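Below is data-v1.tsv, holding TSV, C-alpha atoms.
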chain	number	residue	atom	x	y	z
R	1	MET	CA	54.22	69.74	83.36
R	2	GLU	CA	57.19	68.79	81.21
R	3	LYS	CA	59.85	66.86	83.09
R	4	ILE	CA	63.30	68.41	83.00
R	5	THR	CA	65.78	66.00	81.46
R	6	LYS	CA	69.23	65.39	82.95
R	7	GLY	CA	70.88	67.23	80.07
R	8	LYS	CA	68.71	70.32	80.55
R	9	LYS	CA	69.35	70.22	84.30
R	10	ILE	CA	73.12	70.17	83.76
R	11	LEU	CA	72.79	73.02	81.25
R	12	ILE	CA	70.73	75.14	83.67
R	13	ILE	CA	73.10	74.50	86.59
R	14	GLY	CA	76.14	75.23	84.40
R	15	THR	CA	74.59	78.47	83.13
R	16	MET	CA	73.71	79.56	86.66
R	17	PHE	CA	77.26	78.78	87.80
R	18	ILE	CA	78.83	80.82	84.98
R	19	VAL	CA	76.48	83.78	85.50
R	20	GLY	CA	76.92	83.60	89.28
R	21	SER	CA	80.73	83.48	88.94
R	22	TYR	CA	80.67	86.48	86.60
R	23	PHE	CA	78.69	88.63	89.02
R	24	LEU	CA	80.79	87.37	91.95
R	25	PHE	CA	84.06	88.50	90.36
R	26	LEU	CA	82.43	91.70	89.12
R	27	GLY	CA	81.36	92.42	92.69
R	28	LEU	CA	84.86	91.66	94.00
R	29	VAL	CA	86.34	94.12	91.50
R	30	GLU	CA	83.83	96.84	92.41
R	31	ALA	CA	84.36	96.28	96.15
R	32	ARG	CA	88.15	96.25	95.88
R	33	GLY	CA	88.61	99.42	97.92
R	34	PHE	CA	86.74	97.86	100.84
R	35	LEU	CA	87.57	94.16	100.59
R	36	ALA	CA	91.28	94.22	99.63
R	37	PRO	CA	92.49	95.99	102.83
R	38	LEU	CA	90.13	93.88	104.93
R	39	VAL	CA	91.32	90.54	103.49
R	40	MET	CA	94.96	91.63	103.86
R	41	ALA	CA	94.26	92.60	107.47
R	42	ILE	CA	92.60	89.22	108.16
R	43	VAL	CA	95.61	87.33	106.79
R	44	LEU	CA	98.10	89.43	108.80
R	45	ALA	CA	95.97	89.24	111.95
R	46	LEU	CA	95.97	85.44	111.69
R	47	LEU	CA	99.77	85.63	111.45
R	48	MET	CA	100.06	87.63	114.69
R	49	ILE	CA	97.64	85.56	116.82
R	50	PRO	CA	100.37	83.34	118.42
R	51	PHE	CA	102.49	86.37	119.30
R	52	SER	CA	99.48	88.22	120.72
R	53	ASN	CA	98.52	85.16	122.77
R	54	LYS	CA	102.05	84.96	124.14
R	55	LEU	CA	101.93	88.61	125.23
R	56	GLU	CA	98.60	88.02	126.96
R	57	ARG	CA	99.97	85.04	128.89
R	58	SER	CA	102.97	87.10	129.94
R	59	PHE	CA	101.91	90.50	131.23
R	60	LEU	CA	99.54	92.38	128.89
R	61	ASN	CA	95.76	92.36	128.59
R	62	ARG	CA	93.94	91.75	125.32
R	63	GLY	CA	93.83	95.39	124.19
R	64	PHE	CA	97.51	96.13	124.83
R	65	SER	CA	98.70	92.84	123.34
R	66	SER	CA	96.67	93.52	120.18
R	67	LEU	CA	98.06	97.05	119.98
R	68	ALA	CA	101.64	95.83	120.50
R	69	SER	CA	101.26	93.17	117.78
R	70	THR	CA	99.82	95.74	115.38
R	71	LEU	CA	102.61	98.23	116.10
R	72	ILE	CA	105.29	95.60	115.49
R	73	LEU	CA	103.82	94.82	112.07
R	74	PHE	CA	103.56	98.55	111.35
R	75	ILE	CA	107.21	99.19	112.30
R	76	ILE	CA	108.41	96.26	110.16
R	77	SER	CA	106.44	97.58	107.18
R	78	LEU	CA	107.90	101.07	107.69
R	79	GLY	CA	111.41	99.60	107.66
R	80	VAL	CA	110.73	97.81	104.39
R	81	PHE	CA	109.27	100.95	102.82
R	82	ALA	CA	112.23	103.03	104.01
R	83	LEU	CA	114.68	100.62	102.37
R	84	LEU	CA	112.69	100.54	99.15
R	85	SER	CA	112.28	104.34	99.09
R	86	PHE	CA	116.02	104.84	99.50
R	87	GLN	CA	116.79	102.41	96.68
R	88	ILE	CA	114.10	103.86	94.41
R	89	LYS	CA	115.41	107.39	95.04
R	90	ASN	CA	118.85	106.29	93.86
R	91	PHE	CA	117.26	104.63	90.84
R	92	VAL	CA	115.28	107.77	89.92
R	93	ASN	CA	118.37	109.96	90.28
R	94	ASP	CA	120.28	107.64	87.93
R	95	TRP	CA	117.39	107.33	85.45
R	96	ASP	CA	118.85	109.71	82.85
R	97	LEU	CA	122.15	107.80	82.85
R	98	ILE	CA	120.33	104.46	82.73
R	99	LYS	CA	118.18	105.64	79.82
R	100	GLU	CA	121.26	106.84	77.94
R	101	LYS	CA	122.95	103.45	78.36
R	102	MET	CA	119.81	101.55	77.39
R	103	SER	CA	119.05	103.56	74.23
R	104	PRO	CA	121.57	101.76	71.95
R	105	LYS	CA	120.28	98.36	73.10
R	106	ILE	CA	116.68	99.39	72.49
R	107	GLU	CA	117.60	100.63	69.02
R	108	GLN	CA	119.34	97.33	68.26
R	109	ALA	CA	116.26	95.42	69.42
R	110	GLU	CA	114.01	97.59	67.23
R	111	SER	CA	116.27	97.05	64.21
R	112	PHE	CA	116.20	93.29	64.80
R	113	ILE	CA	112.38	93.37	64.94
R	114	TYR	CA	112.13	95.44	61.75
R	115	ASP	CA	114.53	93.12	59.90
R	116	HIS	CA	113.03	89.81	61.00
R	117	THR	CA	109.30	90.54	61.31
R	118	ALA	CA	106.54	92.14	59.27
R	119	LEU	CA	106.49	95.20	61.57
R	120	THR	CA	107.79	98.50	60.25
R	121	LYS	CA	109.06	101.61	61.97
R	122	GLU	CA	105.87	103.42	60.97
R	123	ASP	CA	103.78	100.77	62.74
R	124	PHE	CA	105.80	101.21	65.93
R	125	GLU	CA	105.58	105.01	65.80
R	126	THR	CA	101.81	104.79	65.35
R	127	TYR	CA	101.58	102.41	68.32
R	128	LYS	CA	103.65	104.78	70.49
R	129	GLU	CA	101.40	107.70	69.60
R	130	GLU	CA	98.19	105.75	70.29
R	131	ASN	CA	99.45	104.47	73.65
R	132	ASP	CA	101.33	107.64	74.63
R	133	LEU	CA	104.58	105.75	75.18
R	134	THR	CA	106.59	108.92	74.72
R	135	ALA	CA	105.25	110.14	78.03
R	136	MET	CA	106.95	107.16	79.66
R	137	GLY	CA	110.34	108.12	78.36
R	138	GLY	CA	112.84	110.57	79.61
R	139	SER	CA	110.97	113.75	78.77
R	140	SER	CA	110.06	114.22	82.42
R	141	SER	CA	112.80	115.11	84.88
R	142	ALA	CA	113.95	113.06	87.84
R	143	GLY	CA	112.12	115.47	90.13
R	144	GLN	CA	108.84	114.93	88.30
R	145	LYS	CA	109.31	111.16	88.51
R	146	ALA	CA	109.98	111.41	92.22
R	147	PHE	CA	106.89	113.60	92.65
R	148	GLY	CA	104.80	111.06	90.75
R	149	PHE	CA	106.12	108.32	92.99
R	150	MET	CA	105.29	110.28	96.14
R	151	THR	CA	101.78	110.97	94.82
R	152	ALA	CA	101.25	107.26	94.34
R	153	VAL	CA	102.54	106.59	97.86
R	154	LEU	CA	100.15	109.17	99.36
R	155	SER	CA	97.19	107.66	97.52
R	156	PHE	CA	98.19	104.28	98.90
R	157	LEU	CA	98.63	105.62	102.44
R	158	SER	CA	94.97	105.65	103.42
R	159	ASN	CA	94.45	101.96	102.63
R	160	TYR	CA	97.83	101.16	104.20
R	161	LEU	CA	96.83	102.73	107.54
R	162	LEU	CA	93.36	101.22	107.31
R	163	VAL	CA	94.89	97.72	107.19
R	164	PHE	CA	96.54	98.23	110.58
R	165	ILE	CA	93.37	99.64	112.11
R	166	TYR	CA	91.58	96.49	110.93
R	167	ILE	CA	94.38	94.29	112.32
R	168	PHE	CA	94.05	95.84	115.78
R	169	PHE	CA	90.28	95.28	115.96
R	170	LEU	CA	90.51	91.77	114.49
R	171	LEU	CA	93.09	90.79	117.12
R	172	ASN	CA	91.29	92.56	119.96
R	173	TYR	CA	87.94	90.91	119.21
R	174	ARG	CA	89.18	87.60	117.78
R	175	LYS	CA	87.42	85.53	120.45
R	176	LYS	CA	84.14	87.22	119.63
R	177	PHE	CA	84.54	86.54	115.91
R	178	LYS	CA	85.41	82.89	116.62
R	179	LYS	CA	82.33	82.47	118.83
R	180	PHE	CA	80.24	84.10	116.08
R	181	PHE	CA	81.28	81.44	113.55
R	182	LEU	CA	80.74	78.68	116.12
R	183	LYS	CA	77.24	79.99	116.83
R	184	LEU	CA	76.45	79.84	113.10
R	185	ALA	CA	77.22	76.12	113.05
R	186	PRO	CA	74.76	73.47	114.30
R	187	ASN	CA	75.59	71.82	117.64
R	188	GLU	CA	76.71	68.60	115.98
R	189	LYS	CA	79.11	70.58	113.76
R	190	GLN	CA	80.78	72.61	116.54
R	191	LYS	CA	83.89	70.40	116.63
R	192	GLU	CA	84.26	70.48	112.84
R	193	THR	CA	83.81	74.27	112.72
R	194	ASN	CA	86.39	74.78	115.47
R	195	ALA	CA	88.84	72.57	113.53
R	196	ILE	CA	88.31	74.68	110.37
R	197	ILE	CA	89.03	77.91	112.28
R	198	ASP	CA	92.15	76.50	113.99
R	199	ASN	CA	93.49	74.88	110.80
R	200	THR	CA	92.94	78.10	108.86
R	201	ALA	CA	94.93	80.14	111.39
R	202	THR	CA	97.71	77.54	111.49
R	203	LEU	CA	97.98	77.37	107.69
R	204	VAL	CA	98.26	81.15	107.29
R	205	GLN	CA	100.80	81.42	110.13
R	206	GLN	CA	103.05	78.65	108.80
R	207	TYR	CA	102.83	79.88	105.22
R	208	LEU	CA	103.55	83.56	105.96
R	209	VAL	CA	106.33	82.89	108.50
R	210	GLY	CA	108.00	80.50	106.07
R	211	LYS	CA	107.63	82.93	103.18
R	212	SER	CA	109.03	85.81	105.28
R	213	PHE	CA	112.19	83.84	106.06
R	214	LEU	CA	112.38	82.79	102.42
R	215	ILE	CA	112.20	86.41	101.23
R	216	ILE	CA	115.03	87.42	103.57
R	217	LEU	CA	117.24	84.52	102.47
R	218	LEU	CA	116.51	85.08	98.77
R	219	THR	CA	117.25	88.81	99.11
R	220	VAL	CA	120.69	87.98	100.54
R	221	LEU	CA	121.42	85.37	97.84
R	222	TYR	CA	120.26	87.60	94.98
R	223	SER	CA	122.24	90.56	96.39
R	224	ILE	CA	125.43	88.52	96.54
R	225	GLY	CA	125.03	87.21	93.00
R	226	LEU	CA	123.80	90.39	91.30
R	227	GLY	CA	126.22	92.62	93.23
R	228	ALA	CA	129.17	90.43	92.22
R	229	SER	CA	127.88	90.50	88.62
R	230	GLY	CA	128.05	94.31	88.52
R	231	VAL	CA	124.31	95.06	88.42
R	232	ASP	CA	123.41	98.60	89.49
R	233	ASN	CA	120.74	99.01	92.21
R	234	PHE	CA	121.18	95.30	92.94
R	235	ILE	CA	119.68	95.61	96.46
R	236	LEU	CA	116.39	96.96	95.07
R	237	ILE	CA	116.26	94.34	92.31
R	238	SER	CA	117.16	91.58	94.79
R	239	PHE	CA	114.40	92.56	97.22
R	240	ILE	CA	111.82	92.86	94.43
R	241	GLY	CA	112.94	89.48	93.06
R	242	ALA	CA	112.67	87.88	96.50
R	243	PHE	CA	109.32	89.53	97.23
R	244	LEU	CA	107.94	88.31	93.91
R	245	SER	CA	108.50	84.75	95.15
R	246	LEU	CA	105.09	85.28	96.80
R	247	ILE	CA	103.75	84.94	93.25
R	248	PRO	CA	104.88	81.44	92.14
R	249	PHE	CA	106.13	80.90	88.59
R	250	ILE	CA	105.19	84.39	87.34
R	251	GLY	CA	107.20	86.26	89.97
R	252	ASN	CA	110.47	84.55	89.04
R	253	ILE	CA	110.03	85.44	85.37
R	254	ILE	CA	109.33	89.10	86.21
R	255	ALA	CA	112.34	89.27	88.55
R	256	PHE	CA	114.64	87.81	85.89
R	257	GLY	CA	113.31	90.32	83.34
R	258	LEU	CA	113.98	93.23	85.72
R	259	ALA	CA	117.52	92.04	86.33
R	260	LEU	CA	118.14	91.82	82.58
R	261	VAL	CA	116.68	95.26	81.87
R	262	PHE	CA	118.50	97.11	84.66
R	263	GLY	CA	121.59	94.93	84.60
R	264	TYR	CA	122.62	93.81	81.14
R	265	LEU	CA	120.83	96.44	79.03
R	266	THR	CA	122.30	99.33	81.04
R	267	THR	CA	125.86	98.04	80.71
R	268	GLY	CA	125.83	95.87	77.60
R	269	GLU	CA	128.56	93.68	79.07
R	270	ILE	CA	128.41	89.95	78.40
R	271	GLY	CA	129.96	89.29	81.82
R	272	VAL	CA	126.98	90.97	83.52
R	273	LEU	CA	124.55	88.91	81.44
R	274	ILE	CA	126.34	85.67	82.33
R	275	GLY	CA	126.42	86.69	86.00
R	276	ILE	CA	122.65	87.39	86.02
R	277	ILE	CA	121.85	84.05	84.37
R	278	ILE	CA	124.12	82.11	86.75
R	279	THR	CA	122.67	83.96	89.77
R	280	PHE	CA	119.07	83.17	88.87
R	281	VAL	CA	119.79	79.55	87.91
R	282	VAL	CA	121.68	78.89	91.18
R	283	VAL	CA	119.23	80.78	93.40
R	284	GLN	CA	116.21	79.12	91.77
R	285	PHE	CA	117.82	75.72	92.32
R	286	ILE	CA	118.50	76.54	95.98
R	287	GLU	CA	114.97	77.94	96.42
R	288	SER	CA	113.20	74.99	94.77
R	289	TYR	CA	115.18	72.11	96.26
R	290	ILE	CA	116.51	73.45	99.60
R	291	LEU	CA	114.78	76.58	100.89
R	292	GLU	CA	111.19	76.00	99.71
R	293	PRO	CA	110.86	72.40	101.03
R	294	TYR	CA	112.59	73.03	104.38
R	295	VAL	CA	111.72	76.66	105.13
R	296	VAL	CA	108.17	76.80	103.73
R	297	GLY	CA	107.29	73.18	103.10
R	298	ASP	CA	104.00	72.01	101.59
R	299	LYS	CA	101.87	74.20	103.84
R	300	VAL	CA	98.95	74.92	101.54
R	301	ASN	CA	98.84	71.60	99.61
R	302	LEU	CA	97.45	73.17	96.43
R	303	HIS	CA	97.61	71.85	92.88
R	304	PRO	CA	100.07	73.92	90.77
R	305	PHE	CA	97.59	74.39	87.91
R	306	LEU	CA	94.92	75.76	90.27
R	307	VAL	CA	97.56	78.02	91.85
R	308	ILE	CA	98.32	79.55	88.44
R	309	LEU	CA	94.61	80.10	87.76
R	310	ALA	CA	94.14	81.67	91.20
R	311	ILE	CA	97.07	84.04	90.61
R	312	ILE	CA	95.68	85.12	87.23
R	313	LEU	CA	92.21	85.69	88.70
R	314	GLY	CA	93.72	87.52	91.66
R	315	ASN	CA	95.52	89.86	89.30
R	316	MET	CA	92.32	90.49	87.33
R	317	VAL	CA	90.35	91.24	90.50
R	318	TRP	CA	92.77	93.10	92.81
R	319	GLY	CA	96.00	93.51	90.85
R	320	ILE	CA	99.32	92.72	92.55
R	321	LEU	CA	97.66	92.50	95.97
R	322	GLY	CA	95.26	89.92	94.57
R	323	MET	CA	98.17	87.85	93.25
R	324	ILE	CA	99.84	87.89	96.67
R	325	LEU	CA	96.64	86.98	98.53
R	326	ALA	CA	95.61	84.31	96.01
R	327	ILE	CA	97.52	81.43	97.61
R	328	PRO	CA	96.58	81.97	101.30
R	329	VAL	CA	92.94	82.63	100.35
R	330	LEU	CA	92.86	79.51	98.14
R	331	GLY	CA	94.48	77.55	100.98
R	332	ILE	CA	91.75	78.72	103.38
R	333	LEU	CA	89.05	77.71	100.89
R	334	ASN	CA	90.73	74.32	100.51
R	335	ILE	CA	90.50	73.72	104.27
R	336	ILE	CA	86.81	74.68	104.27
R	337	PHE	CA	86.09	72.45	101.27
R	338	ASN	CA	87.82	69.46	102.85
R	339	HIS	CA	85.83	69.81	106.09
R	340	VAL	CA	82.37	70.24	104.50
R	341	PRO	CA	81.09	66.91	103.08
R	342	SER	CA	79.13	68.46	100.21
R	343	LEU	CA	82.19	70.51	99.15
R	344	LYS	CA	84.83	67.76	99.43
R	345	PRO	CA	84.97	67.23	95.62
R	346	PHE	CA	86.22	70.83	95.32
R	347	GLY	CA	88.78	70.16	98.06
R	348	TYR	CA	89.95	67.10	96.14
R	349	LEU	CA	90.26	69.20	92.97
R	350	LEU	CA	92.30	71.90	94.73
R	351	SER	CA	94.62	69.58	96.65
R	352	THR	CA	97.76	67.85	95.45
R	353	ASP	CA	96.94	64.14	95.65
R	354	LYS	CA	100.14	62.17	95.27
R	355	GLU	CA	98.20	58.94	94.83
R	356	ASP	CA	96.93	60.29	91.50
R	357	ASP	CA	100.51	60.76	90.29
R	358	LYS	CA	101.13	57.04	90.74
R	359	SER	CA	98.07	55.95	88.73
Full structure transcribed into structure tokens:
Amino acid sequence: MEKITKGKKILIIGTMFIVGSYFLFLGLVEARGFLAPLVMAIVLALLMIPFSNKLERSFLNRGFSSLASTLILFIISLGVFALLSFQIKNFVNDWDLIKEKMSPKIEQAESFIYDHTALTKEDFETYKEENDLTAMGGSSSAGQKAFGFMTAVLSFLSNYLLVFIYIFFLLNYRKKFKKFFLKLAPNEKQKETNAIIDNTATLVQQYLVGKSFLIILLTVLYSIGLGASGVDNFILISFIGAFLSLIPFIGNIIAFGLALVFGYLTTGEIGVLIGIIITFVVVQFIESYILEPYVVGDKVNLHPFLVILAIILGNMVWGILGMILAIPVLGILNIIFNHVPSLKPFGYLLSTDKEDDKS
């Protein structure tokens, strides 16, 4: 029998890893309808464990404390959706006026592109026809846009309610699930397994609580700056900008783009543009050097490059929800890697090791 050389062994293992990764991500995409609500529920259930424990120690049994914790999350989510719906309704009602104000700016941008690039107007018209961009314009009325929005909300509603059903059962039977994982581990690994479970819960709780406070503070700061700059629908844009802070690096760019589109392009005033730039520069400075270190801190201890890759993969697998879940899920994997000897090299790769920066 021919002996497999080291090079062939590496090639076989590498090929198996690539093929396995492909089918793993393909499976995650196909199972999105089942896994995405479940993973979201797991993360939120971990967040509510301390509160549920406190209710149990006070006056409620396990079932009622789990139900109360789930209802509180549900009420908070309803409040957020109500605020967003109100702001979006105002935005939809003003869409015709916004489109009218934006048209000259769009025409100027098109003229600049035609004059300074190889693209022609015919190329752009062909692209619009092939991608049906005209359907995205103002041909549909505000009522039709609102109806389309409500249809999207109704399609989302089933998964939304399913998340809270999952949260209740995860909280109610959390001890059983914990014992299940402990029973899977060998006797000599019980302590290590228990540490992984506890550290995972603590990481998610600290990260989400910190991020929640950060979103509230950023919403206030953005609202003050964009409102003073004269940006229409500044509350909606401020909340979206703050919420997108859950997606590091990419979220800030998207938020700035939204503020430019619905701020400067709708008015065309240089003062509004300057106000938007100043607002984002100041708020980003406050977020990066004051709020993020002290409110959130280095809870997940993940390397920035791996965070970007995780966000991109999360978007490819589960869209926006995948981008939001990417960091807590990667943080959980990092804890597991660092507690399992054979997986510690992966934990080292994921973690931010400040000693490496000095070498």
Discussion item. Need the shell around region 246-251 of chain R: protein/DNA/RNA residues with any atom at most 7 Å away, counting only C-alpha atoms. Skip same-chain ones fewer than 4 positions apart. Format as a PyMOL selection string?
Written reply: chain R and resi 255+323-324
Output C-alpha atoms for every residue in that selection, as a JSON list (two decimals), in the frame of the given file.
[["chain", "number", "residue", "atom", "x", "y", "z"],
["R", 255, "ALA", "CA", 112.34, 89.27, 88.55],
["R", 323, "MET", "CA", 98.17, 87.85, 93.25],
["R", 324, "ILE", "CA", 99.84, 87.89, 96.67]]
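Here CA of Met40 (chain R) stands at a distance of 25.5 Å from CA of Leu60 (chain R).
CA of Ile224 (chain R) to CA of Tyr264 (chain R) spans 16.5 Å [interatomic distance, one decimal].
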Fill in: Surrounding residues of Ile278 (chain R) excluding itself and chain neighbours under 3 positions, 12 Å, all atoms listed in the file, as a ChimeraX atom specification
/R:221-222,224-226,228-229,256,259,271-275,281-285
For region 309-315 of chain R, please output as a PDB file with C-alpha atoms, in the frame of the given file all residues within 8 Å (counting all atoms listed in the file; exclusion window: fewer than 4 positions along the same chain).
ATOM      1  CA  ILE R 247     103.750  84.940  93.250  1.00  0.00           C
ATOM      2  CA  PHE R 305      97.590  74.390  87.910  1.00  0.00           C
ATOM      3  CA  GLY R 319      96.000  93.510  90.850  1.00  0.00           C
ATOM      4  CA  ILE R 320      99.320  92.720  92.550  1.00  0.00           C
ATOM      5  CA  LEU R 321      97.660  92.500  95.970  1.00  0.00           C
ATOM      6  CA  GLY R 322      95.260  89.920  94.570  1.00  0.00           C
ATOM      7  CA  MET R 323      98.170  87.850  93.250  1.00  0.00           C
ATOM      8  CA  ILE R 324      99.840  87.890  96.670  1.00  0.00           C
ATOM      9  CA  LEU R 325      96.640  86.980  98.530  1.00  0.00           C
ATOM     10  CA  ALA R 326      95.610  84.310  96.010  1.00  0.00           C
ATOM     11  CA  ILE R 327      97.520  81.430  97.610  1.00  0.00           C
ATOM     12  CA  LEU R 330      92.860  79.510  98.140  1.00  0.00           C
TER      13      LEU R 330
END
Practice prompt. For Gly33 (chain R), work out the shell of residues within 12 Å, counting all atoms listed in the file and skipping chain neighbours fewer than 3 positions away, then give it as an MDAnalysis selection string.
Written response: chainID R and resid 27:30 36:40 155:156 158:160 162:163 317:319 321
Take the residues from that selection and write them out as a PDB file, in the frame of the given file, keeping C-alpha atoms.
ATOM      1  CA  GLY R  27      81.360  92.420  92.690  1.00  0.00           C
ATOM      2  CA  LEU R  28      84.860  91.660  94.000  1.00  0.00           C
ATOM      3  CA  VAL R  29      86.340  94.120  91.500  1.00  0.00           C
ATOM      4  CA  GLU R  30      83.830  96.840  92.410  1.00  0.00           C
ATOM      5  CA  ALA R  36      91.280  94.220  99.630  1.00  0.00           C
ATOM      6  CA  PRO R  37      92.490  95.990 102.830  1.00  0.00           C
ATOM      7  CA  LEU R  38      90.130  93.880 104.930  1.00  0.00           C
ATOM      8  CA  VAL R  39      91.320  90.540 103.490  1.00  0.00           C
ATOM      9  CA  MET R  40      94.960  91.630 103.860  1.00  0.00           C
ATOM     10  CA  SER R 155      97.190 107.660  97.520  1.00  0.00           C
ATOM     11  CA  PHE R 156      98.190 104.280  98.900  1.00  0.00           C
ATOM     12  CA  SER R 158      94.970 105.650 103.420  1.00  0.00           C
ATOM     13  CA  ASN R 159      94.450 101.960 102.630  1.00  0.00           C
ATOM     14  CA  TYR R 160      97.830 101.160 104.200  1.00  0.00           C
ATOM     15  CA  LEU R 162      93.360 101.220 107.310  1.00  0.00           C
ATOM     16  CA  VAL R 163      94.890  97.720 107.190  1.00  0.00           C
ATOM     17  CA  VAL R 317      90.350  91.240  90.500  1.00  0.00           C
ATOM     18  CA  TRP R 318      92.770  93.100  92.810  1.00  0.00           C
ATOM     19  CA  GLY R 319      96.000  93.510  90.850  1.00  0.00           C
ATOM     20  CA  LEU R 321      97.660  92.500  95.970  1.00  0.00           C
TER      21      LEU R 321
END
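Atom to atom, CA of Lys191 (chain R) and CA of Phe169 (chain R) stand 25.7 Å apart.
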Worksheet entry | For Leu44 (chain R), the nearest of the candidates R:Leu73, R:Leu84, R:Leu350, R:Ile197, counting all atoms listed in the file |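 Residue with the minimum atom-to-atom distance to Leu44 (chain R): R:Leu73.
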Reconstructed region 210-224 of chain R, atom set N, CA and C atoms, as a PDB file, in the coordinates of the input:
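Now in selection-v7.pdb:
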ATOM      1  N   GLY R 210     107.051  81.136 106.975  1.00  0.00           N
ATOM      2  CA  GLY R 210     108.000  80.500 106.070  1.00  0.00           C
ATOM      3  C   GLY R 210     108.368  81.391 104.897  1.00  0.00           C
ATOM      4  N   LYS R 211     107.362  82.043 104.315  1.00  0.00           N
ATOM      5  CA  LYS R 211     107.630  82.930 103.180  1.00  0.00           C
ATOM      6  C   LYS R 211     108.455  84.145 103.590  1.00  0.00           C
ATOM      7  N   SER R 212     108.257  84.655 104.803  1.00  0.00           N
ATOM      8  CA  SER R 212     109.030  85.810 105.280  1.00  0.00           C
ATOM      9  C   SER R 212     110.509  85.455 105.388  1.00  0.00           C
ATOM     10  N   PHE R 213     110.795  84.291 105.987  1.00  0.00           N
ATOM     11  CA  PHE R 213     112.190  83.840 106.060  1.00  0.00           C
ATOM     12  C   PHE R 213     112.751  83.604 104.670  1.00  0.00           C
ATOM     13  N   LEU R 214     111.932  83.058 103.783  1.00  0.00           N
ATOM     14  CA  LEU R 214     112.380  82.790 102.420  1.00  0.00           C
ATOM     15  C   LEU R 214     112.738  84.081 101.698  1.00  0.00           C
ATOM     16  N   ILE R 215     111.934  85.124 101.873  1.00  0.00           N
ATOM     17  CA  ILE R 215     112.200  86.410 101.230  1.00  0.00           C
ATOM     18  C   ILE R 215     113.527  86.993 101.717  1.00  0.00           C
ATOM     19  N   ILE R 216     113.772  86.908 103.020  1.00  0.00           N
ATOM     20  CA  ILE R 216     115.030  87.420 103.570  1.00  0.00           C
ATOM     21  C   ILE R 216     116.224  86.663 102.999  1.00  0.00           C
ATOM     22  N   LEU R 217     116.136  85.332 102.982  1.00  0.00           N
ATOM     23  CA  LEU R 217     117.240  84.520 102.470  1.00  0.00           C
ATOM     24  C   LEU R 217     117.465  84.758 100.977  1.00  0.00           C
ATOM     25  N   LEU R 218     116.378  84.850 100.216  1.00  0.00           N
ATOM     26  CA  LEU R 218     116.510  85.080  98.770  1.00  0.00           C
ATOM     27  C   LEU R 218     117.083  86.463  98.493  1.00  0.00           C
ATOM     28  N   THR R 219     116.701  87.470  99.284  1.00  0.00           N
ATOM     29  CA  THR R 219     117.250  88.810  99.110  1.00  0.00           C
ATOM     30  C   THR R 219     118.766  88.791  99.279  1.00  0.00           C
ATOM     31  N   VAL R 220     119.242  88.084 100.302  1.00  0.00           N
ATOM     32  CA  VAL R 220     120.690  87.980 100.540  1.00  0.00           C
ATOM     33  C   VAL R 220     121.374  87.263  99.374  1.00  0.00           C
ATOM     34  N   LEU R 221     120.802  86.144  98.932  1.00  0.00           N
ATOM     35  CA  LEU R 221     121.420  85.370  97.840  1.00  0.00           C
ATOM     36  C   LEU R 221     121.432  86.156  96.535  1.00  0.00           C
ATOM     37  N   TYR R 222     120.313  86.788  96.200  1.00  0.00           N
ATOM     38  CA  TYR R 222     120.260  87.600  94.980  1.00  0.00           C
ATOM     39  C   TYR R 222     121.251  88.770  95.065  1.00  0.00           C
ATOM     40  N   SER R 223     121.334  89.409  96.226  1.00  0.00           N
ATOM     41  CA  SER R 223     122.240  90.560  96.390  1.00  0.00           C
ATOM     42  C   SER R 223     123.685  90.150  96.174  1.00  0.00           C
ATOM     43  N   ILE R 224     124.052  88.991  96.718  1.00  0.00           N
ATOM     44  CA  ILE R 224     125.430  88.520  96.540  1.00  0.00           C
ATOM     45  C   ILE R 224     125.724  88.269  95.066  1.00  0.00           C
TER      46      ILE R 224
END
